[in-house]
file entry.txt (compact mmCIF, C-alpha atoms and all ligand atoms)
# COMPACT_ATOMS: atom_id res chain seq x y z
CA MET L 1 -5.81 -15.95 16.29
CA LYS L 2 -3.04 -18.53 16.45
CA LYS L 3 -3.55 -22.21 15.87
CA LYS L 4 -2.32 -24.44 18.74
CA ASN L 5 0.89 -26.15 17.72
CA LYS L 6 -0.12 -29.76 18.30
CA GLY L 7 0.72 -31.08 14.86
CA ASN L 8 -0.72 -30.43 11.44
CA TYR L 9 -4.38 -30.73 12.32
CA LEU L 10 -7.00 -28.71 14.19
CA THR L 11 -9.50 -30.22 16.58
CA LEU L 12 -13.18 -29.47 15.98
CA ARG L 13 -13.12 -27.22 19.04
CA GLU L 14 -10.13 -25.23 17.77
CA SER L 15 -11.74 -24.95 14.37
CA ARG L 16 -14.94 -23.57 15.87
CA GLN L 17 -12.99 -21.11 18.01
CA ILE L 18 -11.09 -19.83 14.97
CA ILE L 19 -14.31 -19.38 12.95
CA LYS L 20 -15.99 -17.54 15.84
CA HIS L 21 -12.96 -15.30 16.27
CA ASN L 22 -12.78 -14.61 12.52
CA ILE L 23 -16.45 -13.64 12.23
CA LYS L 24 -16.09 -11.21 15.14
CA GLN L 25 -12.93 -9.62 13.71
CA MET L 26 -14.26 -9.38 10.14
CA LYS L 27 -17.48 -7.71 11.32
CA TYR L 28 -15.47 -5.23 13.38
CA TYR L 29 -13.17 -4.16 10.54
CA GLU L 30 -15.94 -4.08 7.91
CA LYS L 31 -18.00 -1.80 10.16
CA LEU L 32 -15.03 0.55 10.52
CA LYS L 33 -14.71 0.78 6.73
CA LYS L 34 -18.39 1.63 6.27
CA ALA L 35 -18.53 4.16 9.11
CA ASN L 36 -19.52 7.72 8.27
CA LYS L 37 -16.37 9.77 8.70
CA SER L 38 -15.56 13.33 7.83
CA VAL L 39 -12.33 14.22 6.02
CA VAL L 40 -10.64 15.37 9.26
CA ASP L 41 -10.98 11.85 10.65
CA TYR L 42 -8.56 10.52 8.04
CA THR L 43 -6.45 13.62 7.46
CA ILE L 44 -2.86 13.11 8.57
CA LYS L 45 0.45 15.00 8.57
CA MET L 46 2.98 13.82 5.98
CA HIS L 47 6.40 13.20 7.52
CA ASP L 48 8.09 14.48 4.36
CA PRO L 49 6.23 16.56 1.72
CA ASN L 50 8.50 15.05 -0.96
CA ASN L 51 6.94 11.61 -0.52
CA ILE L 52 3.83 10.60 -2.42
CA ILE L 53 3.22 7.60 -0.11
CA GLU L 54 4.50 6.85 3.38
CA ILE L 55 3.74 3.36 4.69
CA ASP L 56 4.21 3.05 8.43
CA ASN L 57 4.02 -0.20 10.43
CA LEU L 58 1.42 -1.71 8.08
CA HIS L 59 -0.21 -4.95 9.20
CA THR L 60 -2.52 -6.72 6.75
CA VAL L 61 -3.96 -10.11 7.72
CA PHE L 62 -6.27 -12.76 6.31
CA PHE L 63 -8.72 -14.44 8.67
CA THR L 64 -8.67 -18.03 7.35
CA ASP L 65 -10.15 -21.28 8.67
CA ASN L 66 -6.64 -22.35 9.72
CA GLY L 67 -5.94 -19.16 11.66
CA THR L 68 -4.85 -15.58 11.00
CA VAL L 69 -2.31 -15.25 8.16
CA ASN L 70 0.06 -12.33 8.83
CA SER L 71 0.70 -11.43 5.20
CA VAL L 72 2.10 -7.96 5.82
CA ASN L 73 3.67 -7.82 9.23
CA GLY L 74 4.80 -4.30 10.16
CA VAL L 75 5.98 -2.94 6.80
CA SER L 76 7.35 0.63 6.61
CA PHE L 77 8.78 2.43 3.58
CA ASN L 78 8.28 5.59 1.55
CA ILE L 79 7.63 6.21 -2.13
CA PRO L 80 9.18 9.58 -3.04
CA LYS L 81 7.57 11.82 -5.65
CA ASN L 82 8.71 11.19 -9.25
CA LYS L 83 10.77 8.11 -8.36
CA VAL L 84 10.56 4.40 -9.19
CA VAL L 85 10.59 2.21 -6.10
CA GLY L 86 11.25 -1.46 -6.81
CA VAL L 87 9.82 -4.07 -4.44
CA VAL L 88 11.49 -7.45 -4.58
CA GLY L 89 11.23 -10.68 -2.59
CA GLU L 90 10.32 -14.31 -3.03
CA SER L 91 6.84 -15.61 -3.72
CA GLY L 92 4.40 -15.12 -0.83
CA CYS L 93 6.45 -12.46 0.98
CA GLY L 94 3.61 -9.91 0.86
CA LYS L 95 4.50 -7.71 -2.12
CA SER L 96 1.05 -7.85 -3.73
CA VAL L 97 -0.84 -7.61 -0.45
CA THR L 98 1.15 -4.44 0.41
CA SER L 99 0.19 -2.89 -2.93
CA LEU L 100 -3.44 -3.99 -2.64
CA SER L 101 -3.54 -2.41 0.84
CA ILE L 102 -2.53 0.93 -0.72
CA MET L 103 -5.44 0.58 -3.18
CA GLN L 104 -7.86 -0.74 -0.51
CA LEU L 105 -8.31 -3.77 -2.75
CA VAL L 106 -7.37 -6.53 -0.31
CA GLN L 107 -9.88 -9.36 -0.66
CA SER L 108 -12.44 -8.62 2.04
CA PRO L 109 -13.95 -9.49 4.46
CA GLN L 110 -11.19 -12.08 5.09
CA GLY L 111 -8.36 -9.68 4.28
CA GLN L 112 -8.09 -6.59 6.49
CA VAL L 113 -5.60 -3.85 7.30
CA ILE L 114 -5.56 -4.09 11.09
CA GLU L 115 -2.79 -1.66 12.03
CA GLY L 116 -0.54 1.06 10.64
CA GLU L 117 -0.75 4.12 8.42
CA ILE L 118 -0.70 4.60 4.65
CA ARG L 119 -0.19 8.33 4.21
CA TYR L 120 -1.06 9.64 0.75
CA ASN L 121 0.19 13.11 -0.15
CA THR L 122 -2.94 14.44 -1.86
CA ASP L 123 -3.23 17.79 -3.67
CA ASP L 124 -6.76 18.17 -2.23
CA LEU L 125 -5.44 19.26 1.17
CA GLY L 126 -2.99 22.03 1.95
CA PHE L 127 -0.87 22.62 5.05
CA ASP L 128 -1.74 22.78 8.73
CA GLU L 129 -1.10 25.80 10.98
CA ASN L 130 2.52 24.64 11.53
CA ASN L 131 3.10 24.38 7.78
CA ASN L 132 3.04 20.57 7.73
CA LYS L 133 1.81 19.07 4.45
CA LEU L 134 -1.46 17.22 4.98
CA GLY L 135 -2.47 13.95 3.39
CA TYR L 136 -5.05 11.17 3.62
CA ASP L 137 -4.50 8.09 5.77
CA ILE L 138 -5.71 5.39 3.35
CA ALA L 139 -5.74 2.83 6.19
CA LYS L 140 -8.51 4.85 7.88
CA MET L 141 -10.33 6.11 4.80
CA PRO L 142 -13.88 4.76 4.39
CA THR L 143 -14.38 2.67 1.24
CA HIS L 144 -16.72 5.18 -0.45
CA ASP L 145 -14.17 8.01 -0.06
CA MET L 146 -11.44 5.88 -1.60
CA TYR L 147 -13.12 6.42 -5.00
CA LYS L 148 -11.70 9.95 -4.88
CA ILE L 149 -8.21 8.62 -5.46
CA ARG L 150 -8.37 4.99 -6.66
CA GLY L 151 -8.04 4.66 -10.41
CA LYS L 152 -7.42 8.41 -10.70
CA ASP L 153 -4.50 9.51 -8.49
CA ILE L 154 -3.30 5.96 -7.80
CA THR L 155 -3.66 3.32 -10.50
CA MET L 156 -2.58 -0.27 -10.89
CA ILE L 157 -1.24 -2.43 -13.71
CA PHE L 158 -1.49 -6.18 -13.13
CA GLN L 159 0.58 -9.09 -14.36
CA GLU L 160 -1.96 -10.63 -16.71
CA PRO L 161 -3.89 -8.00 -18.71
CA MET L 162 -6.44 -10.54 -19.98
CA THR L 163 -7.82 -10.96 -16.46
CA SER L 164 -8.21 -7.18 -16.06
CA LEU L 165 -9.82 -6.50 -19.45
CA ASN L 166 -13.43 -7.50 -20.02
CA PRO L 167 -13.51 -9.97 -22.96
CA ILE L 168 -17.00 -8.95 -24.14
CA PHE L 169 -16.35 -5.22 -24.63
CA THR L 170 -14.10 -3.49 -27.15
CA ILE L 171 -10.91 -1.77 -26.04
CA GLY L 172 -12.46 1.58 -27.01
CA TYR L 173 -15.55 0.98 -24.87
CA GLN L 174 -13.41 0.06 -21.85
CA LEU L 175 -11.03 3.01 -22.29
CA ASP L 176 -13.95 5.45 -22.74
CA GLU L 177 -15.58 4.07 -19.60
CA VAL L 178 -12.48 4.87 -17.55
CA MET L 179 -12.43 8.39 -18.96
CA PHE L 180 -16.14 8.94 -18.25
CA ASN L 181 -15.53 7.90 -14.64
CA HIS L 182 -12.84 10.54 -14.25
CA ALA L 183 -14.56 13.29 -16.22
CA PRO L 184 -18.33 12.67 -16.42
CA ASP L 185 -18.92 16.09 -18.06
CA MET L 186 -16.85 15.31 -21.17
CA THR L 187 -18.71 14.79 -24.44
CA LYS L 188 -18.63 11.38 -26.17
CA GLU L 189 -16.47 12.79 -28.99
CA ASP L 190 -13.93 14.30 -26.59
CA VAL L 191 -13.72 11.05 -24.62
CA LYS L 192 -13.04 9.07 -27.79
CA LYS L 193 -10.40 11.61 -28.86
CA HIS L 194 -8.72 11.32 -25.47
CA SER L 195 -8.83 7.48 -25.57
CA LEU L 196 -7.17 7.48 -29.00
CA GLU L 197 -4.51 9.89 -27.71
CA MET L 198 -3.81 7.54 -24.82
CA LEU L 199 -3.38 4.63 -27.25
CA VAL L 200 -0.89 6.68 -29.28
CA LYS L 201 0.94 7.63 -26.08
CA VAL L 202 1.52 3.98 -25.21
CA GLY L 203 3.02 3.30 -28.62
CA ILE L 204 0.05 1.80 -30.49
CA SER L 205 0.49 2.74 -34.14
CA MET L 206 -3.05 1.97 -35.38
CA PRO L 207 -5.14 3.40 -32.54
CA GLU L 208 -8.43 3.44 -34.52
CA ARG L 209 -8.13 -0.29 -35.22
CA VAL L 210 -7.20 -1.20 -31.66
CA TYR L 211 -10.01 1.03 -30.37
CA LYS L 212 -12.51 -1.17 -32.24
CA SER L 213 -10.85 -4.49 -31.29
CA TYR L 214 -11.78 -6.96 -28.58
CA PRO L 215 -9.08 -7.99 -26.06
CA HIS L 216 -8.64 -11.48 -27.57
CA GLU L 217 -7.73 -9.93 -30.93
CA LEU L 218 -4.60 -8.31 -29.48
CA SER L 219 -1.23 -9.79 -28.53
CA GLY L 220 -0.09 -9.94 -24.88
CA GLY L 221 2.20 -6.93 -25.33
CA MET L 222 -0.58 -4.86 -26.97
CA ARG L 223 -2.99 -5.76 -24.16
CA GLN L 224 -0.45 -4.64 -21.57
CA ARG L 225 -0.04 -1.35 -23.48
CA VAL L 226 -3.83 -0.92 -23.35
CA MET L 227 -3.74 -1.53 -19.58
CA ILE L 228 -1.06 1.16 -19.27
CA ALA L 229 -3.24 3.52 -21.36
CA MET L 230 -6.12 2.88 -18.93
CA ALA L 231 -3.87 3.52 -15.95
CA LEU L 232 -2.85 6.85 -17.53
CA ALA L 233 -6.37 8.07 -18.26
CA GLY L 234 -6.76 9.93 -14.96
CA LYS L 235 -3.22 11.47 -14.89
CA PRO L 236 -2.03 9.34 -11.97
CA ARG L 237 0.51 10.46 -9.38
CA LEU L 238 1.41 6.88 -8.48
CA ILE L 239 1.29 3.81 -10.73
CA ILE L 240 1.55 0.46 -8.97
CA ALA L 241 2.84 -2.14 -11.42
CA ASP L 242 2.59 -5.68 -10.01
CA GLU L 243 4.82 -7.95 -12.13
CA PRO L 244 3.77 -6.02 -15.28
CA THR L 245 6.01 -7.97 -17.65
CA THR L 246 6.13 -11.49 -16.17
CA ALA L 247 3.57 -12.83 -18.67
CA LEU L 248 5.44 -11.38 -21.67
CA ASP L 249 8.43 -12.59 -23.66
CA VAL L 250 11.83 -10.93 -23.17
CA THR L 251 11.77 -8.48 -26.12
CA ILE L 252 8.22 -7.28 -25.40
CA GLN L 253 9.19 -7.09 -21.71
CA ALA L 254 11.96 -4.61 -22.55
CA GLN L 255 9.57 -2.51 -24.68
CA ILE L 256 6.96 -2.32 -21.92
CA LEU L 257 9.59 -1.38 -19.32
CA ASP L 258 10.97 1.35 -21.61
CA LEU L 259 7.44 2.61 -22.12
CA LEU L 260 6.77 2.72 -18.37
CA LYS L 261 10.01 4.54 -17.72
CA SER L 262 9.37 7.16 -20.42
CA ILE L 263 5.79 7.69 -19.21
CA GLN L 264 7.03 8.12 -15.64
CA LYS L 265 9.43 10.87 -16.80
CA ASP L 266 6.83 12.42 -19.09
CA ILE L 267 3.92 12.74 -16.64
CA GLU L 268 6.19 13.06 -13.57
CA CYS L 269 4.56 10.35 -11.51
CA SER L 270 5.98 7.72 -9.13
CA ILE L 271 5.99 4.00 -9.83
CA MET L 272 5.90 1.16 -7.31
CA LEU L 273 7.33 -1.69 -9.35
CA ILE L 274 6.84 -5.19 -7.96
CA THR L 275 8.93 -7.93 -9.51
CA HIS L 276 10.89 -11.12 -8.90
CA ASP L 277 13.40 -10.01 -11.49
CA LEU L 278 16.48 -8.27 -10.10
CA GLY L 279 17.50 -7.29 -13.65
CA VAL L 280 14.26 -5.31 -14.05
CA ILE L 281 14.86 -3.60 -10.70
CA ALA L 282 18.45 -2.69 -11.66
CA GLU L 283 17.27 -1.13 -14.91
CA MET L 284 14.18 0.68 -13.68
CA ALA L 285 14.32 1.50 -9.98
CA ASP L 286 15.78 4.44 -8.08
CA GLU L 287 15.17 2.82 -4.70
CA VAL L 288 14.72 -0.81 -3.71
CA ILE L 289 12.70 -2.47 -0.95
CA VAL L 290 13.61 -6.10 -0.19
CA MET L 291 10.80 -8.03 1.52
CA TYR L 292 10.90 -11.35 3.31
CA ALA L 293 7.97 -13.11 5.05
CA GLY L 294 5.80 -10.01 5.33
CA LYS L 295 8.58 -7.66 6.46
CA VAL L 296 11.02 -5.22 4.85
CA ILE L 297 14.43 -6.68 5.59
CA GLU L 298 16.58 -4.22 3.63
CA ARG L 299 16.01 -0.95 1.80
CA GLY L 300 18.24 1.50 0.00
CA THR L 301 19.06 3.09 -3.32
CA VAL L 302 19.55 0.76 -6.27
CA ARG L 303 23.33 1.26 -5.83
CA ASP L 304 23.18 0.33 -2.11
CA ILE L 305 21.31 -2.89 -2.79
CA PHE L 306 23.29 -4.02 -5.84
CA ASN L 307 26.80 -2.86 -4.95
CA ASN L 308 26.66 -3.28 -1.22
CA PRO L 309 23.94 -5.80 -0.21
CA LYS L 310 23.98 -6.40 3.53
CA HIS L 311 21.24 -8.82 4.58
CA PRO L 312 22.17 -12.50 4.07
CA TYR L 313 18.87 -12.92 2.18
CA THR L 314 19.66 -10.04 -0.24
CA ILE L 315 23.16 -11.47 -0.75
CA GLY L 316 21.58 -14.89 -1.47
CA LEU L 317 19.13 -13.29 -3.93
CA GLN L 318 22.01 -11.69 -5.86
CA LYS L 319 23.88 -15.02 -5.95
CA SER L 320 20.84 -16.87 -7.30
CA LYS L 321 20.63 -14.58 -10.36
CA PRO L 322 22.01 -16.10 -13.59
CA LEU L 323 24.86 -14.04 -15.09
CA ILE L 324 26.13 -13.95 -18.65
CA ASN L 325 29.52 -15.44 -17.61
CA THR L 326 28.02 -18.14 -15.36
CA ASN L 327 29.38 -21.64 -16.08
CA VAL L 328 26.35 -23.41 -17.59
CA ASN L 329 27.43 -26.73 -16.07
CA GLU L 330 27.26 -25.34 -12.55
CA PRO L 331 23.82 -25.40 -10.89
CA LEU L 332 22.41 -21.97 -9.94
CA TYR L 333 22.70 -21.03 -6.27
CA SER L 334 19.44 -21.49 -4.34
CA ILE L 335 18.76 -20.36 -0.78
CA PRO L 336 18.17 -23.52 1.28
CA GLY L 337 15.18 -23.99 3.60
CA GLN L 338 11.69 -22.49 3.75
CA VAL L 339 9.86 -19.35 4.87
CA PRO L 340 8.17 -19.77 8.30
CA ASN L 341 4.44 -20.51 8.42
CA PRO L 342 2.66 -17.11 8.24
CA ILE L 343 0.05 -18.33 10.76
CA ASN L 344 2.59 -19.06 13.51
CA MET L 345 5.39 -16.56 12.96
CA PRO L 346 8.34 -17.02 15.36
CA ASN L 347 9.40 -14.03 17.45
CA HIS L 348 13.04 -14.16 16.27
CA CYS L 349 14.55 -13.32 12.86
CA TYR L 350 12.36 -15.03 10.20
CA PHE L 351 15.42 -15.88 8.10
CA LYS L 352 17.19 -17.69 10.96
CA SER L 353 16.62 -21.27 9.81
CA ARG L 354 18.07 -20.46 6.35
CA CYS L 355 20.90 -18.16 7.38
CA ASN L 356 24.56 -19.18 7.20
CA LYS L 357 25.59 -16.21 9.39
CA CYS L 358 23.28 -17.04 12.30
CA MET L 359 24.69 -16.18 15.77
CA ALA L 360 23.53 -16.69 19.37
CA LYS L 361 21.97 -13.21 19.35
CA CYS L 362 19.70 -14.20 16.47
CA ASN L 363 17.70 -16.37 18.89
CA SER L 364 16.48 -13.23 20.66
CA VAL L 365 13.68 -10.94 19.42
CA TYR L 366 13.21 -9.92 15.76
CA PRO L 367 16.07 -7.50 14.83
CA GLN L 368 15.29 -3.79 14.53
CA GLU L 369 16.31 -1.77 11.47
CA TYR L 370 20.02 -0.75 11.58
CA LYS L 371 21.33 2.23 9.64
CA ILE L 372 24.16 1.55 7.18
CA SER L 373 24.03 5.03 5.58
CA ASP L 374 21.48 7.85 5.20
CA THR L 375 19.82 5.87 2.40
CA HIS L 376 20.55 2.27 3.40
CA TYR L 377 18.86 0.29 6.22
CA VAL L 378 18.90 -3.40 7.15
CA SER L 379 17.16 -5.60 9.75
CA CYS L 380 19.92 -7.99 10.79
CA TYR L 381 22.00 -8.43 13.96
CA LEU L 382 25.21 -8.54 11.92
CA TYR L 383 24.98 -4.72 11.80
CA ASP L 384 24.18 -4.13 15.48
CA LYS L 385 27.37 -2.24 16.32
CA GLU L 386 26.42 -1.54 19.94
CA GLY L 387 25.62 -5.18 20.69
CA LYS L 388 28.93 -6.45 19.27
N1 LIG Y 401 -6.97 -14.18 -0.25
C1 LIG Y 401 -6.03 -14.69 0.55
N2 LIG Y 401 -6.37 -15.54 1.57
C2 LIG Y 401 -5.44 -16.04 2.40
N3 LIG Y 401 -4.12 -15.76 2.32
C3 LIG Y 401 -3.72 -14.93 1.33
C4 LIG Y 401 -4.64 -14.35 0.40
N4 LIG Y 401 -3.95 -13.56 -0.47
C5 LIG Y 401 -2.65 -13.64 -0.10
N5 LIG Y 401 -2.52 -14.46 0.98
C6 LIG Y 401 -1.27 -14.81 1.65
O1 LIG Y 401 -0.55 -13.63 1.93
C7 LIG Y 401 0.84 -13.85 1.76
C8 LIG Y 401 1.40 -12.80 0.86
O2 LIG Y 401 0.85 -12.97 -0.44
P1 LIG Y 401 1.22 -12.02 -1.67
O3 LIG Y 401 0.25 -12.34 -2.75
O4 LIG Y 401 1.31 -10.62 -1.21
O5 LIG Y 401 2.67 -12.54 -2.05
P2 LIG Y 401 3.63 -11.99 -3.19
O6 LIG Y 401 4.88 -11.51 -2.51
O7 LIG Y 401 2.93 -11.01 -4.05
O8 LIG Y 401 3.98 -13.33 -3.98
P3 LIG Y 401 4.12 -13.57 -5.57
O9 LIG Y 401 5.52 -13.12 -5.88
O10 LIG Y 401 3.96 -15.05 -5.73
O11 LIG Y 401 3.07 -12.78 -6.29
C9 LIG Y 401 1.01 -15.28 1.27
O12 LIG Y 401 1.35 -16.08 2.35
C10 LIG Y 401 -0.36 -15.63 0.75
O13 LIG Y 401 -0.62 -17.00 0.90
S1 LIG Y 402 19.61 -11.57 12.20
FE1 LIG Y 402 20.92 -13.37 12.36
S2 LIG Y 402 19.72 -15.04 11.48
FE2 LIG Y 402 18.79 -13.13 10.85
S3 LIG Y 402 19.69 -12.69 8.88
FE3 LIG Y 402 20.91 -11.60 10.39
S4 LIG Y 402 22.56 -13.02 10.91
FE4 LIG Y 402 21.01 -14.22 9.86
MG MG Y 403 2.22 -11.05 -6.01

call {"tool": "encode", "arguments": {"input": "entry.txt", "output": "structure tokens"}}
result
Amino acid sequence: MKKKNKGNYLTLRESRQIIKHNIKQMKYYEKLKKANKSVVDYTIKMHDPNNIIEIDNLHTVFFTDNGTVNSVNGVSFNIPKNKVVGVVGESGCGKSVTSLSIMQLVQSPQGQVIEGEIRYNTDDLGFDENNNKLGYDIAKMPTHDMYKIRGKDITMIFQEPMTSLNPIFTIGYQLDEVMFNHAPDMTKEDVKKHSLEMLVKVGISMPERVYKSYPHELSGGMRQRVMIAMALAGKPRLIIADEPTTALDVTIQAQILDLLKSIQKDIECSIMLITHDLGVIAEMADEVIVMYAGKVIERGTVRDIFNNPKHPYTIGLQKSKPLINTNVNEPLYSIPGQVPNPINMPNHCYFKSRCNKCMAKCNSVYPQEYKISDTHYVSCYLYDKEGK
């Protein structure tokens, strides 16, 4: 529900209307999530069997006291099997909310996926009669069925490991617990053996000692390695890493990124890597998704985005990155202006007020996605060949 644009305040009446609307919507979506559904109700055809995830027109909103925040506003992209997909964009553009939607971990009842599909290419289902690969639609999956894949097939590594680890339990206890969840029939000894193996796999040289340690006894880099070990416990097919190295210093950052890359190759999984850092994307990613104000504004291979950026925002992002030969006396380029208010999104290009290439056409509806090549797409009227 949109707030009336009468200034920066809401009248008591508007406030009451918003609260009433929110309660109704939240009840509706929560009921849907708890409904008893059979697997066929959320079985869906994959568009390409080589993708592990296909996100299609995803809308995730937050029902707040000021109105409905459109955090993810029609996002579509694929994560191919065994590839690293980098997601980049400025703060608040919806990177984390997109990833939390995949995990069904959006803060509810305020946060809800209200439209779109998240197709997950599971091994549990085969093919339909026309030989189409079948998957689960996570957007329609009831919460209790999500346990089949969350933490096992799809896992997540967060920015700050200290907030994900429980300070009152040892690392060993927490690692074993994850293993028991995935394989309840394993004996205690086997679980411990597996946990120690995981610690070795993530480059911890004294696994027995770390196994007995509490989180506060480890350095930031070690804690992030433990988080990666936990994410690996269930042999995931997709790891979502949300700013996994932002809280670490540069040398440890490089070690953790190398570790992630080698693990990805080793266990043949996909990684959705969320970061502000274009350098990290250049080093790690095969494909890049550029987000702006809840939408994907450009997507392509890492080469497309770095060698041939098309959207004025992507070009601005590249210019604002410090380079080794930058004159230190010159201030870094910054993109002027602000992102539109996510409660009252305009119905033209969201980058318009900040764009130095803006034309008359940009005042019309939000631009569709234009094809630059088979791998490269951009939402900007500059590439509308027919309209020129
Ligand atoms: N619990 C919440 N309640 C209300 N709004 C929220 C909530 N969580 C996120 N949002 C809003 O959703 C939008 C997208 O947030 P998100 O956390 O996905 O951004 P982000 O791209 O991950 O940013 P950052 O790079 O700073 O982590 C923002 O406008 C944010 O204010
Ligand atoms: S559509 Fe127009 S305003 Fe938007 S980024 Fe392209 S040129 Fe700029
Ligand atoms: Mg985030």

call {"tool": "closest_residue", "arguments": {"input": "entry.txt", "among": "L:Lys261, L:His311, L:His47, L:Lys95", "to": "Asn78 (chain L)", "atoms": "all atoms listed in the file"}}
result
L:His47

call {"tool": "residues_around", "arguments": {"input": "entry.txt", "residues": "region 237-246 of chain L", "least_positions_apart": "5", "cutoff": "9 Å", "atoms": "only C-alpha atoms", "output": "PyMOL selection string"}}
result
chain L and resi 52-53+79+81-82+95-96+99+152-161+221+224+231-232+252-254+256-257+264+267-277

call {"tool": "residues_near_ligand", "arguments": {"input": "entry.txt", "ligand": "ligand LIG 402 (chain Y)", "cutoff": "7 Å", "atoms": "all atoms listed in the file", "output": "list in words"}}
result
His311, Pro312, Tyr313, Cys349, Tyr350, Phe351, Lys352, Cys355, Asn356, Lys357, Cys358, Met359, Cys362, Pro367, Ser379, Cys380, Tyr381 and Leu382 of chain L

call {"tool": "residues_near_ligand", "arguments": {"input": "entry.txt", "ligand": "ligand LIG 401 (chain Y)", "cutoff": "6 Å", "atoms": "all atoms listed in the file", "output": "PyMOL selection string"}}
result
chain L and resi 62+71+90-97+107

call {"tool": "closest_residue", "arguments": {"input": "entry.txt", "among": "L:Ile372, L:Met186, L:Val202, L:Ala139", "to": "Glu115 (chain L)", "atoms": "all atoms listed in the file"}}
result
L:Ala139

call {"tool": "atom_distance", "arguments": {"input": "entry.txt", "atom1": "CA of His348 (chain L)", "atom2": "CA of Thr98 (chain L)"}}
result
22.1 Å
